[in-house]
file input02.cif (mmCIF, C-alpha atoms)
data_target
#
loop_
_atom_site.label_atom_id
_atom_site.label_comp_id
_atom_site.auth_asym_id
_atom_site.auth_seq_id
_atom_site.Cartn_x
_atom_site.Cartn_y
_atom_site.Cartn_z
CA MET A 1 23.90 -54.72 -32.23
CA ARG A 2 25.91 -54.38 -29.05
CA GLY A 3 24.73 -55.77 -25.72
CA PRO A 4 22.72 -53.85 -23.13
CA ALA A 5 24.69 -51.45 -20.95
CA VAL A 6 24.13 -49.20 -17.97
CA GLY A 7 23.78 -45.45 -18.42
CA ASP A 8 22.80 -45.27 -22.11
CA THR A 9 20.09 -42.87 -23.21
CA ILE A 10 17.46 -43.28 -25.89
CA SER A 11 18.21 -41.30 -29.01
CA GLN A 12 15.60 -42.74 -31.33
CA ILE A 13 13.11 -45.59 -31.42
CA ALA A 14 13.20 -47.44 -34.71
CA ASN A 15 10.31 -48.17 -37.03
CA SER A 16 6.93 -48.12 -35.30
CA VAL A 17 5.80 -51.18 -37.28
CA LEU A 18 7.96 -53.27 -34.96
CA THR A 19 5.93 -52.45 -31.87
CA GLY A 20 3.53 -55.06 -30.65
CA PRO A 21 -0.08 -55.02 -31.88
CA GLY A 22 -2.98 -53.92 -29.77
CA GLU A 23 -1.18 -53.00 -26.55
CA LYS A 24 -1.73 -49.92 -24.40
CA MET A 25 0.63 -46.96 -24.60
CA ALA A 26 4.16 -48.32 -24.72
CA ARG A 27 6.81 -47.28 -22.18
CA TYR A 28 10.24 -47.97 -23.61
CA GLU A 29 13.43 -48.11 -21.61
CA LEU A 30 16.92 -48.94 -22.69
CA LEU A 31 17.49 -52.50 -21.52
CA ASN A 32 20.18 -52.89 -18.87
CA ASN A 33 21.14 -55.53 -16.35
CA VAL A 34 20.76 -53.30 -13.28
CA ALA A 35 17.31 -51.73 -13.63
CA HIS A 36 15.95 -54.88 -15.30
CA LYS A 37 17.93 -57.57 -13.48
CA ASP A 38 14.75 -59.44 -12.45
CA LEU A 39 12.84 -58.90 -15.69
CA ARG A 40 10.97 -61.91 -17.07
CA VAL A 41 9.01 -62.43 -20.25
CA ALA A 42 5.95 -64.67 -20.57
CA THR A 43 6.32 -66.84 -23.65
CA GLY A 44 2.83 -68.34 -23.95
CA PHE A 45 0.41 -67.27 -26.66
CA GLY A 46 -3.10 -65.88 -26.69
CA PRO A 47 -5.25 -62.75 -26.91
CA ALA A 48 -4.01 -61.59 -23.49
CA PHE A 49 -0.57 -61.10 -25.06
CA GLY A 50 -1.85 -59.27 -28.15
CA ASP A 51 -1.50 -62.30 -30.42
CA ASP A 52 -5.07 -62.10 -31.76
CA VAL A 53 -4.16 -60.25 -34.95
CA GLY A 54 -5.05 -61.03 -38.55
CA MET A 55 -1.64 -60.18 -39.98
CA LEU A 56 1.89 -59.37 -38.89
CA PRO A 57 4.82 -57.53 -40.49
CA ALA A 58 7.22 -59.89 -42.27
CA PHE A 59 10.75 -59.37 -43.51
CA PRO A 60 12.66 -60.79 -46.50
CA SER A 61 15.32 -62.11 -44.13
CA GLU A 62 12.76 -64.70 -42.94
CA PHE A 63 10.87 -65.40 -46.19
CA ALA A 64 12.50 -68.83 -46.60
CA GLU A 65 11.05 -69.92 -43.24
CA LEU A 66 7.73 -68.08 -43.55
CA GLN A 67 6.83 -69.42 -46.98
CA ARG A 68 6.57 -72.95 -45.60
CA GLU A 69 3.57 -72.08 -43.41
CA TYR A 70 2.23 -68.56 -44.01
CA PRO A 71 0.88 -66.67 -47.04
CA ILE A 72 3.06 -63.60 -47.67
CA PHE A 73 1.52 -60.45 -49.14
CA LEU A 74 2.35 -56.77 -49.51
CA ARG A 75 0.42 -53.79 -48.21
CA ARG A 76 0.93 -50.13 -47.46
CA ASP A 77 -0.76 -47.71 -45.10
CA ALA A 78 -3.38 -45.43 -46.64
CA GLY A 79 -2.50 -46.90 -50.03
CA THR A 80 0.31 -44.41 -50.52
CA GLY A 81 3.06 -45.19 -47.98
CA PRO A 82 6.05 -47.49 -48.44
CA TRP A 83 5.38 -51.15 -49.16
CA GLN A 84 5.56 -53.58 -46.24
CA SER A 85 5.42 -57.35 -46.50
CA VAL A 86 3.02 -59.12 -44.15
CA VAL A 87 1.97 -62.65 -43.30
CA LEU A 88 -1.74 -63.37 -43.20
CA LEU A 89 -2.84 -65.11 -39.99
CA GLY A 90 -6.62 -64.88 -40.31
CA PHE A 91 -9.49 -63.36 -42.24
CA GLU A 92 -10.61 -60.83 -39.64
CA GLN A 93 -8.76 -58.03 -37.87
CA ARG A 94 -8.56 -59.87 -34.52
CA GLU A 95 -8.38 -63.43 -35.85
CA ASN A 96 -5.20 -65.48 -35.63
CA LEU A 97 -5.91 -68.99 -36.91
CA PHE A 98 -2.50 -70.19 -35.74
CA LEU A 99 -3.48 -69.73 -32.09
CA GLN A 100 -4.69 -72.94 -30.51
CA GLY A 101 -4.96 -73.75 -26.82
CA GLY A 102 -2.23 -71.38 -25.69
CA ARG A 103 0.10 -72.50 -28.49
CA TRP A 104 1.17 -70.99 -31.80
CA ASN A 105 0.48 -73.88 -34.16
CA ALA A 106 3.44 -73.53 -36.54
CA SER A 107 7.06 -74.64 -36.55
CA TYR A 108 8.34 -71.11 -37.24
CA LEU A 109 7.28 -68.04 -35.29
CA PRO A 110 7.42 -64.79 -37.31
CA GLY A 111 10.04 -62.38 -36.05
CA ALA A 112 7.44 -59.70 -35.33
CA ALA A 113 5.91 -62.10 -32.78
CA ALA A 114 9.14 -63.71 -31.56
CA LYS A 115 10.67 -60.35 -30.58
CA GLY A 116 8.14 -60.03 -27.72
CA PRO A 117 8.40 -56.71 -25.84
CA PHE A 118 11.77 -55.77 -27.33
CA LEU A 119 12.80 -53.55 -30.22
CA ILE A 120 15.83 -51.80 -31.62
CA GLY A 121 16.48 -48.21 -30.67
CA PHE A 122 19.51 -46.05 -31.29
CA GLN A 123 21.91 -44.13 -29.12
CA GLU A 124 24.63 -41.66 -30.01
CA GLN A 125 28.17 -42.95 -29.61
CA ARG A 126 31.46 -41.30 -30.50
CA ILE A 127 33.40 -43.69 -32.72
CA ASP A 128 36.79 -42.61 -34.08
CA GLY A 129 35.95 -39.07 -33.11
CA GLU A 130 32.64 -39.08 -34.98
CA LEU A 131 29.14 -39.18 -33.48
CA LYS A 132 27.17 -42.12 -34.83
CA LEU A 133 23.83 -43.73 -34.04
CA GLU A 134 24.39 -47.26 -32.79
CA PRO A 135 21.61 -49.85 -32.41
CA VAL A 136 20.74 -50.96 -28.87
CA MET A 137 17.90 -52.98 -27.34
CA HIS A 138 14.89 -51.41 -25.67
CA VAL A 139 12.05 -53.03 -23.75
CA ASP A 140 8.43 -51.94 -23.47
CA LEU A 141 7.63 -52.19 -19.76
CA GLU A 142 3.90 -51.88 -20.47
CA HIS A 143 3.89 -54.91 -22.79
CA PRO A 144 1.57 -57.67 -21.47
CA ARG A 145 4.40 -60.22 -21.61
CA VAL A 146 6.61 -58.26 -19.22
CA ASN A 147 6.62 -59.23 -15.54
CA PHE A 148 8.99 -59.93 -12.65
CA THR A 149 7.63 -63.23 -11.37
CA ALA A 150 7.22 -65.84 -14.14
CA GLY A 151 8.50 -66.59 -17.60
CA GLU A 152 11.88 -66.50 -19.30
CA ARG A 153 14.57 -64.60 -17.45
CA VAL A 154 16.30 -61.87 -19.46
CA PHE A 155 19.51 -61.68 -17.43
CA LEU A 156 21.53 -64.28 -15.59
CA PRO A 157 22.00 -63.82 -11.80
CA GLN A 158 25.58 -62.63 -12.49
CA GLY A 159 24.28 -60.03 -14.97
CA GLY A 160 25.02 -61.71 -18.29
CA ASN A 161 22.49 -62.26 -21.07
CA THR A 162 20.37 -65.42 -20.94
CA PRO A 163 20.05 -67.65 -24.04
CA TYR A 164 16.52 -66.23 -24.41
CA LEU A 165 17.83 -62.66 -24.68
CA GLU A 166 20.52 -63.74 -27.13
CA HIS A 167 17.82 -65.33 -29.28
CA VAL A 168 15.76 -62.12 -29.19
CA ALA A 169 18.85 -60.13 -30.19
CA ASP A 170 19.25 -62.40 -33.24
CA VAL A 171 15.58 -61.89 -34.12
CA LEU A 172 15.95 -58.11 -33.88
CA ARG A 173 19.03 -58.16 -36.10
CA GLY A 174 17.04 -60.07 -38.71
CA ILE A 175 14.19 -57.58 -38.46
CA ARG A 176 16.52 -54.60 -38.80
CA ASP A 177 18.42 -56.04 -41.76
CA GLY A 178 15.27 -57.39 -43.41
CA SER A 179 13.45 -54.07 -43.01
CA ASP A 180 16.20 -52.12 -44.76
CA PHE A 181 16.58 -54.74 -47.50
CA GLY A 182 12.81 -55.00 -47.97
CA ALA A 183 12.35 -51.26 -48.47
CA ASP A 184 14.77 -51.32 -51.42
CA MET A 185 13.40 -54.60 -52.76
CA PHE A 186 9.75 -53.55 -52.80
CA ARG A 187 10.60 -50.19 -54.35
CA ALA A 188 12.38 -52.02 -57.18
CA LEU A 189 9.43 -54.40 -57.67
CA ASP A 190 7.03 -51.47 -57.78
CA GLU A 191 9.12 -49.67 -60.40
CA LEU A 192 8.95 -52.77 -62.60
CA GLY A 193 5.16 -53.00 -62.20
CA LEU A 194 5.36 -56.37 -60.42
CA ILE A 195 3.04 -55.47 -57.54
CA HIS A 196 -0.67 -55.82 -58.12
CA PRO A 197 -3.83 -55.90 -55.96
CA VAL A 198 -5.04 -59.28 -54.69
CA ASN A 199 -8.78 -59.83 -54.59
CA LEU A 200 -9.13 -61.97 -51.48
CA ASP A 201 -12.82 -62.83 -51.48
CA VAL A 202 -13.30 -66.40 -50.29
CA GLN A 203 -16.52 -68.43 -50.09
CA LEU A 204 -15.83 -70.84 -47.22
CA ASP A 205 -19.18 -72.66 -47.30
CA ASP A 206 -22.84 -72.03 -48.06
CA ARG A 207 -23.19 -69.46 -45.26
CA HIS A 208 -19.77 -67.93 -44.75
CA ARG A 209 -17.82 -65.62 -47.00
CA VAL A 210 -14.67 -63.68 -46.03
CA THR A 211 -13.04 -60.67 -47.65
CA VAL A 212 -9.66 -59.11 -46.85
CA ASN A 213 -8.94 -55.73 -48.43
CA GLY A 214 -5.71 -53.90 -49.13
CA LEU A 215 -3.47 -56.87 -49.92
CA HIS A 216 -1.12 -57.01 -52.89
CA GLY A 217 1.02 -59.72 -54.42
CA ILE A 218 3.40 -60.45 -57.27
CA ASP A 219 2.00 -60.27 -60.81
CA ARG A 220 3.02 -63.61 -62.33
CA GLU A 221 2.31 -62.56 -65.91
CA ARG A 222 4.29 -59.35 -65.56
CA LEU A 223 7.16 -61.31 -64.00
CA ALA A 224 7.17 -63.81 -66.87
CA GLY A 225 7.28 -60.92 -69.34
CA LEU A 226 10.29 -59.14 -67.86
CA SER A 227 13.32 -58.69 -70.06
CA GLY A 228 16.47 -60.66 -69.42
CA ALA A 229 18.18 -57.50 -68.25
CA ASP A 230 15.46 -56.75 -65.68
CA LEU A 231 15.48 -60.32 -64.37
CA SER A 232 19.24 -60.27 -64.16
CA GLY A 233 19.10 -56.99 -62.24
CA LEU A 234 16.64 -58.41 -59.73
CA ASN A 235 18.79 -61.48 -59.31
CA ARG A 236 22.01 -59.53 -58.81
CA ALA A 237 20.33 -57.38 -56.16
CA GLY A 238 19.17 -60.52 -54.32
CA TYR A 239 15.48 -59.74 -54.86
CA LEU A 240 14.46 -62.52 -57.25
CA GLU A 241 14.63 -65.27 -54.65
CA GLY A 242 12.26 -63.29 -52.40
CA VAL A 243 9.84 -62.84 -55.29
CA TYR A 244 9.61 -66.59 -55.86
CA LEU A 245 9.33 -67.28 -52.14
CA MET A 246 6.36 -64.91 -51.96
CA LEU A 247 4.69 -66.69 -54.87
CA ALA A 248 5.39 -70.10 -53.33
CA SER A 249 3.88 -68.98 -50.02
CA LEU A 250 0.43 -68.59 -51.51
CA HIS A 251 -0.23 -72.33 -51.34
CA ASN A 252 -0.62 -71.77 -47.58
CA MET A 253 -3.94 -70.06 -48.25
CA ARG A 254 -5.45 -73.55 -48.48
CA ARG A 255 -4.25 -74.33 -44.96
CA LEU A 256 -5.64 -71.07 -43.63
CA MET A 257 -9.01 -71.67 -45.29
CA ALA A 258 -9.17 -75.25 -44.00
CA GLU A 259 -8.53 -74.08 -40.42
CA LYS A 260 -11.19 -71.37 -40.73
CA GLN A 261 -13.68 -73.93 -42.05
CA ARG A 262 -12.83 -76.33 -39.20
CA ARG A 263 -13.52 -73.64 -36.62
CA LEU A 264 -16.78 -72.64 -38.27
CA ARG A 265 -17.93 -76.26 -38.16
CA ALA A 266 -16.97 -76.46 -34.48
CA GLU A 267 -19.02 -73.33 -33.79
CA ASP A 268 -22.02 -74.88 -35.55
CA VAL A 269 -21.73 -78.10 -33.52
CA ALA A 270 -21.30 -76.38 -30.14
CA PRO A 271 -24.92 -75.13 -29.77
CA LEU A 272 -26.21 -78.61 -30.64
CA SER A 273 -24.00 -80.18 -27.98
CA ASN A 274 -25.14 -77.68 -25.37
CA ALA A 275 -28.77 -78.27 -26.28
CA GLY A 276 -28.29 -82.01 -25.73
#

call {"tool": "encode", "arguments": {"input": "input02.cif", "output": "structure tokens"}}
result
Amino acid sequence: MRGPAVGDTISQIANSVLTGPGEKMARYELLNNVAHKDLRVATGFGPAFGDDVGMLPAFPSEFAELQREYPIFLRRDAGTGPWQSVVLLGFEQRENLFLQGGRWNASYLPGAAAKGPFLIGFQEQRIDGELKLEPVMHVDLEHPRVNFTAGERVFLPQGGNTPYLEHVADVLRGIRDGSDFGADMFRALDELGLIHPVNLDVQLDDRHRVTVNGLHGIDRERLAGLSGADLSGLNRAGYLEGVYLMLASLHNMRRLMAEKQRRLRAEDVAPLSNAG
């Protein structure tokens, strides 16, 4: 991905799944150091920034980091679209159990959250006499993190990229590469019958039960029964590692359940404290 430049025009905005959750109508502009020289990005966390979501898109390029803290599942829109990997953050649509006092309580922030108001778009460029679509950065000026008074600066006073913007560019590269790789990977897993529905119906305590619909995972029995040739094919394509990382990530369900139970207990205690 090349750096922001003046005078480029938007040709195409990539993959709507990369836009931030829950915000008002986006207004994308090609990022450049003239029009956006004073742009800042708030880097705190909370519902005001759209972080109160129960799941986020995830990408195989970050599975090694994600599997340490988040459960990774698969889902697809309307049950018929392409498969997309996601990390589960909570048990309700607007519940993110990693949010705590303005912090994101994890050592790794998923790329879909770390990218903030930025995404990858494409512009036409003539390269060696041929028109090609080249990736460039765009910013959503209606995103709740965007402002011109406080937060991380995007450009240096002399016009260069700040370390923050360079980090975002790395995140976007990972998202772009992981999205393309994931589409092929999940299609291959589906063809081998390795994707199956997950019945996420959890009894948290005597009074609280949670259900999350539409999630899928890796079928362990089907995986164990694959032929040597199929396993070898998955390994050669680079997919087998991701499969095992997804399976390993499921131990994080215990952490998610424990945090949900802790918050339910706190809610039960609060009325008693107020009454006292």

call {"tool": "atom_distance", "arguments": {"input": "input02.cif", "atom1": "CA of Asp140 in chain A", "atom2": "CA of Phe49 in chain A"}}
result
12.9 Å

call {"tool": "closest_residue", "arguments": {"input": "input02.cif", "among": "A:Ile127, A:Pro197, A:Lys37, A:Ala26", "to": "Gly160 in chain A", "atoms": "only C-alpha atoms"}}
result
A:Lys37

call {"tool": "resolve_selection", "arguments": {"input": "input02.cif", "expression": "the PyMOL selection byres ((chain A and resi 188) around 12)", "output": "PyMOL selection string"}}
result
chain A and resi 82-83+181-187+189-195+230-231+233-235+237-240+243

call {"tool": "write_last_selection", "arguments": {"input": "input02.cif", "atoms": "C-alpha atoms", "output": "compact mmCIF listing (two decimals), in the coordinates of the input"}}
result
# COMPACT_ATOMS: atom_id res chain seq x y z
CA PRO A 82 6.05 -47.49 -48.44
CA TRP A 83 5.38 -51.15 -49.16
CA PHE A 181 16.58 -54.74 -47.50
CA GLY A 182 12.81 -55.00 -47.97
CA ALA A 183 12.35 -51.26 -48.47
CA ASP A 184 14.77 -51.32 -51.42
CA MET A 185 13.40 -54.60 -52.76
CA PHE A 186 9.75 -53.55 -52.80
CA ARG A 187 10.60 -50.19 -54.35
CA LEU A 189 9.43 -54.40 -57.67
CA ASP A 190 7.03 -51.47 -57.78
CA GLU A 191 9.12 -49.67 -60.40
CA LEU A 192 8.95 -52.77 -62.60
CA GLY A 193 5.16 -53.00 -62.20
CA LEU A 194 5.36 -56.37 -60.42
CA ILE A 195 3.04 -55.47 -57.54
CA ASP A 230 15.46 -56.75 -65.68
CA LEU A 231 15.48 -60.32 -64.37
CA GLY A 233 19.10 -56.99 -62.24
CA LEU A 234 16.64 -58.41 -59.73
CA ASN A 235 18.79 -61.48 -59.31
CA ALA A 237 20.33 -57.38 -56.16
CA GLY A 238 19.17 -60.52 -54.32
CA TYR A 239 15.48 -59.74 -54.86
CA LEU A 240 14.46 -62.52 -57.25
CA VAL A 243 9.84 -62.84 -55.29

call {"tool": "resolve_selection", "arguments": {"input": "input02.cif", "expression": "the PyMOL selection byres ((chain A and resi 176) around 10)", "output": "PyMOL selection string"}}
result
chain A and resi 1+14-15+18+59+61+119-120+135+170-175+177-182

call {"tool": "closest_residue", "arguments": {"input": "input02.cif", "among": "A:Ala35, A:Ala64, A:Leu156, A:Ala266", "to": "Tyr108 in chain A", "atoms": "all atoms listed in the file"}}
result
A:Ala64

call {"tool": "closest_residue", "arguments": {"input": "input02.cif", "among": "A:Arg145, A:His36, A:Arg255, A:Arg265", "to": "Asn105 in chain A", "atoms": "all atoms listed in the file"}}
result
A:Arg255

call {"tool": "residues_near_point", "arguments": {"input": "input02.cif", "point": "(11.5, -58.5, -26.4)", "cutoff": "8 Å", "atoms": "all atoms listed in the file", "output": "list in words"}}
result
Val41, Ala114, Lys115, Gly116, Pro117, Phe118, Leu119, His138, Val139, Asp140, Leu165 and Val168 of chain A

call {"tool": "atom_distance", "arguments": {"input": "input02.cif", "atom1": "CA of Asn147 in chain A", "atom2": "CA of Gly111 in chain A"}}
result
21.0 Å

call {"tool": "atom_distance", "arguments": {"input": "input02.cif", "atom1": "CA of Ser249 in chain A", "atom2": "CA of Phe73 in chain A"}}
result
8.9 Å

call {"tool": "residues_near_point", "arguments": {"input": "input02.cif", "point": "(-15.4, -72.2, -48.1)", "cutoff": "10 Å", "atoms": "only C-alpha atoms", "output": "PDB file with C-alpha atoms, keeping the file's coordinate frame"}}
result
ATOM      1  CA  VAL A 202     -13.300 -66.400 -50.290  1.00  0.00           C
ATOM      2  CA  GLN A 203     -16.520 -68.430 -50.090  1.00  0.00           C
ATOM      3  CA  LEU A 204     -15.830 -70.840 -47.220  1.00  0.00           C
ATOM      4  CA  ASP A 205     -19.180 -72.660 -47.300  1.00  0.00           C
ATOM      5  CA  ASP A 206     -22.840 -72.030 -48.060  1.00  0.00           C
ATOM      6  CA  ARG A 207     -23.190 -69.460 -45.260  1.00  0.00           C
ATOM      7  CA  HIS A 208     -19.770 -67.930 -44.750  1.00  0.00           C
ATOM      8  CA  ARG A 209     -17.820 -65.620 -47.000  1.00  0.00           C
ATOM      9  CA  VAL A 210     -14.670 -63.680 -46.030  1.00  0.00           C
ATOM     10  CA  MET A 257      -9.010 -71.670 -45.290  1.00  0.00           C
ATOM     11  CA  ALA A 258      -9.170 -75.250 -44.000  1.00  0.00           C
ATOM     12  CA  LYS A 260     -11.190 -71.370 -40.730  1.00  0.00           C
ATOM     13  CA  GLN A 261     -13.680 -73.930 -42.050  1.00  0.00           C
ATOM     14  CA  LEU A 264     -16.780 -72.640 -38.270  1.00  0.00           C
TER      15      LEU A 264
END

call {"tool": "closest_residue", "arguments": {"input": "input02.cif", "among": "A:Leu200, A:Leu215, A:Ala106, A:Val53", "to": "Arg68 in chain A", "atoms": "all atoms listed in the file"}}
result
A:Ala106

call {"tool": "decode", "arguments": {"input": "input02.cif", "residues": "range 94-171 of chain A", "atoms": "C-alpha atoms", "output": "CSV table (one decimal), in the first residue's frame"}}
result
chain,number,residue,atom,x,y,z
A,94,ARG,CA,-24.2,-4.8,21.9
A,95,GLU,CA,-22.1,-6.5,24.5
A,96,ASN,CA,-18.3,-6.3,24.5
A,97,LEU,CA,-17.0,-8.0,27.6
A,98,PHE,CA,-13.4,-6.8,26.9
A,99,LEU,CA,-14.5,-3.2,27.5
A,100,GLN,CA,-13.7,-2.0,31.0
A,101,GLY,CA,-13.4,1.5,32.3
A,102,GLY,CA,-12.4,3.1,29.0
A,103,ARG,CA,-9.9,0.3,28.3
A,104,TRP,CA,-9.9,-2.7,26.0
A,105,ASN,CA,-8.9,-5.5,28.5
A,106,ALA,CA,-6.7,-7.6,26.3
A,107,SER,CA,-3.0,-7.5,25.2
A,108,TYR,CA,-3.9,-7.7,21.5
A,109,LEU,CA,-6.5,-5.5,19.8
A,110,PRO,CA,-8.2,-7.1,16.7
A,111,GLY,CA,-7.3,-5.5,13.5
A,112,ALA,CA,-11.0,-4.6,12.8
A,113,ALA,CA,-10.9,-2.4,15.9
A,114,ALA,CA,-7.3,-1.2,15.6
A,115,LYS,CA,-7.9,0.2,12.1
A,116,GLY,CA,-10.1,2.9,13.6
A,117,PRO,CA,-11.7,5.2,11.0
A,118,PHE,CA,-9.5,4.0,8.2
A,119,LEU,CA,-9.9,1.5,5.4
A,120,ILE,CA,-8.3,0.4,2.1
A,121,GLY,CA,-9.8,1.8,-1.1
A,122,PHE,CA,-8.4,1.6,-4.6
A,123,GLN,CA,-7.5,4.1,-7.2
A,124,GLU,CA,-6.6,3.7,-10.9
A,125,GLN,CA,-2.9,4.2,-11.7
A,126,ARG,CA,-1.1,3.7,-15.0
A,127,ILE,CA,1.8,1.3,-14.4
A,128,ASP,CA,4.0,0.3,-17.3
A,129,GLY,CA,1.3,1.6,-19.7
A,130,GLU,CA,-1.4,-0.5,-18.1
A,131,LEU,CA,-4.3,0.8,-15.9
A,132,LYS,CA,-4.3,-1.0,-12.5
A,133,LEU,CA,-6.2,-0.6,-9.3
A,134,GLU,CA,-3.7,0.3,-6.5
A,135,PRO,CA,-4.6,0.2,-2.8
A,136,VAL,CA,-4.7,3.6,-0.9
A,137,MET,CA,-5.9,4.7,2.5
A,138,HIS,CA,-9.3,6.3,3.1
A,139,VAL,CA,-10.7,7.9,6.2
A,140,ASP,CA,-14.3,8.1,7.3
A,141,LEU,CA,-14.8,11.7,8.5
A,142,GLU,CA,-18.1,10.8,10.2
A,143,HIS,CA,-16.4,8.2,12.4
A,144,PRO,CA,-16.8,9.0,16.1
A,145,ARG,CA,-13.1,8.8,16.6
A,146,VAL,CA,-12.3,11.5,14.1
A,147,ASN,CA,-11.7,15.0,15.3
A,148,PHE,CA,-9.3,17.9,15.0
A,149,THR,CA,-8.6,18.8,18.6
A,150,ALA,CA,-7.5,15.7,20.6
A,151,GLY,CA,-6.1,12.3,20.1
A,152,GLU,CA,-3.3,10.8,18.0
A,153,ARG,CA,-2.1,13.0,15.2
A,154,VAL,CA,-2.2,11.4,11.7
A,155,PHE,CA,0.4,13.6,10.0
A,156,LEU,CA,3.5,15.3,11.3
A,157,PRO,CA,3.7,19.1,11.1
A,158,GLN,CA,6.0,18.8,8.1
A,159,GLY,CA,3.5,16.5,6.3
A,160,GLY,CA,5.0,13.1,6.9
A,161,ASN,CA,3.1,10.1,8.4
A,162,THR,CA,3.1,9.8,12.2
A,163,PRO,CA,4.1,6.5,13.8
A,164,TYR,CA,0.3,6.0,14.5
A,165,LEU,CA,-0.6,6.2,10.8
A,166,GLU,CA,2.3,3.8,9.9
A,167,HIS,CA,0.8,1.4,12.5
A,168,VAL,CA,-2.6,1.7,11.0
A,169,ALA,CA,-1.2,1.1,7.5
A,170,ASP,CA,0.4,-2.1,8.8
A,171,VAL,CA,-3.0,-3.2,10.3
